[in-house]
Amino acid sequence: MEWENPVPSVSPADERTLRVIFASLQDWSKNGAGEPGYYGSFYDTTDQPLAATGTAQVVAINSVYTNNGVSLTGGSRVVLDHAAVYTMTALISVKNSDNAPHDCTFWLRLNGVDYPQSAVFCSVPARKSSGAPSFAPVSITFTGEAQNNGDYVEIWWHGASTLLTLEAQPIGSPSLNPAWAPYRDWE
């Protein structure tokens, strides 16, 4: 049996992008038929500075690239239209423009409630120089089950300094690379 990924490739044309992909697992292996399951590809095009230390802040998502049974609402909620098992991966780029290292933590909320065992810790190094901030990648991969149609998931974060930012970068900065975003893929 060969597996075929039903999620289309993702390459939004927007110059400043953040990508998020969700995909259900339950329909991927229907006797090798390759029938698409539920999926959603979302992204954000804005910088997201940490507003205050010690306070939880939602990670914003402002655009839909493609979807089938997974939708976006409220600027941060990824709605799982169907009860199913989903896997998601989020790649988050955290910028530190301070001359000291700072810590931050990301986690999931399901239907507005912190999801147990979903937190990911990150320590972002001090900036390299006054004009060269440091960046740290954060990866969240999680597989879970939406118990009900319409369950929703959000990513939240907090950090030790307001000099931490989830930053979207335009195409070509630095030169020769595609755009990057605060977080990139959920599948």
# chains A, B, ... in the order shown; residues from 1 in each chain; ligands from 1
$ residues_around --residues "stretch 111-124 of chain A" --least-positions-apart "4" --cutoff "6 Å" --atoms "only C-alpha atoms" --output "list in words"
Pro101, His102, Asp103, Cys104, Thr105, Phe106, Trp107, Ala136, Asp151 and Tyr152 of chain A
$ residues_around --residues "A:Gly144" --least-positions-apart "3" --cutoff "8 Å" --atoms "only C-alpha atoms" --output "list in words"
Val85, Tyr86 and Thr87 of chain A
$ atom_distance --atom1 "atom CA of A:Ala132" --atom2 "atom CA of A:Leu91"
21.4 Å
$ atom_distance --atom1 "atom CA of A:Gly131" --atom2 "atom CA of A:Ile155"
29.3 Å
$ closest_residue --among "A:Phe42, A:Gly37, A:Val79, A:Gln48" --to "A:Ile61" --atoms "only C-alpha atoms"
A:Phe42
$ closest_residue --among "A:Ala90, A:Gly69, A:Thr46, A:Val64" --to "A:Leu108" --atoms "only C-alpha atoms"
A:Ala90
$ atom_distance --atom1 "atom CA of A:Thr45" --atom2 "atom CA of A:Pro133"
19.6 Å
$ closest_residue --among "A:Val138, A:Ala100, A:Leu166, A:Met88" --to "A:Val153" --atoms "only C-alpha atoms"
A:Met88
$ residues_around --residues "A:Ser161" --least-positions-apart "3" --cutoff "10 Å" --atoms "only C-alpha atoms" --output "list of chain:residue names"
A:Pro49, A:Leu50, A:Ala51, A:Ala52, A:Thr53, A:Gly54, A:Asn96, A:Ser97, A:Asp98, A:Ala100, A:Pro101, A:His102, A:Asp103, A:Cys104, A:His158, A:Leu164, A:Thr165
$ closest_residue --among "A:Thr143, A:Thr55, A:Leu72, A:Ala160" --to "A:Thr89" --atoms "only C-alpha atoms"
A:Thr143
$ closest_residue --among "A:Ala168, A:Ser76, A:Gly159, A:Tyr38" --to "A:Arg109" --atoms "only C-alpha atoms"
A:Ser76
$ closest_residue --among "A:Ala146, A:Leu110, A:Val94, A:Ala56" --to "A:Leu163" --atoms "only C-alpha atoms"
A:Val94
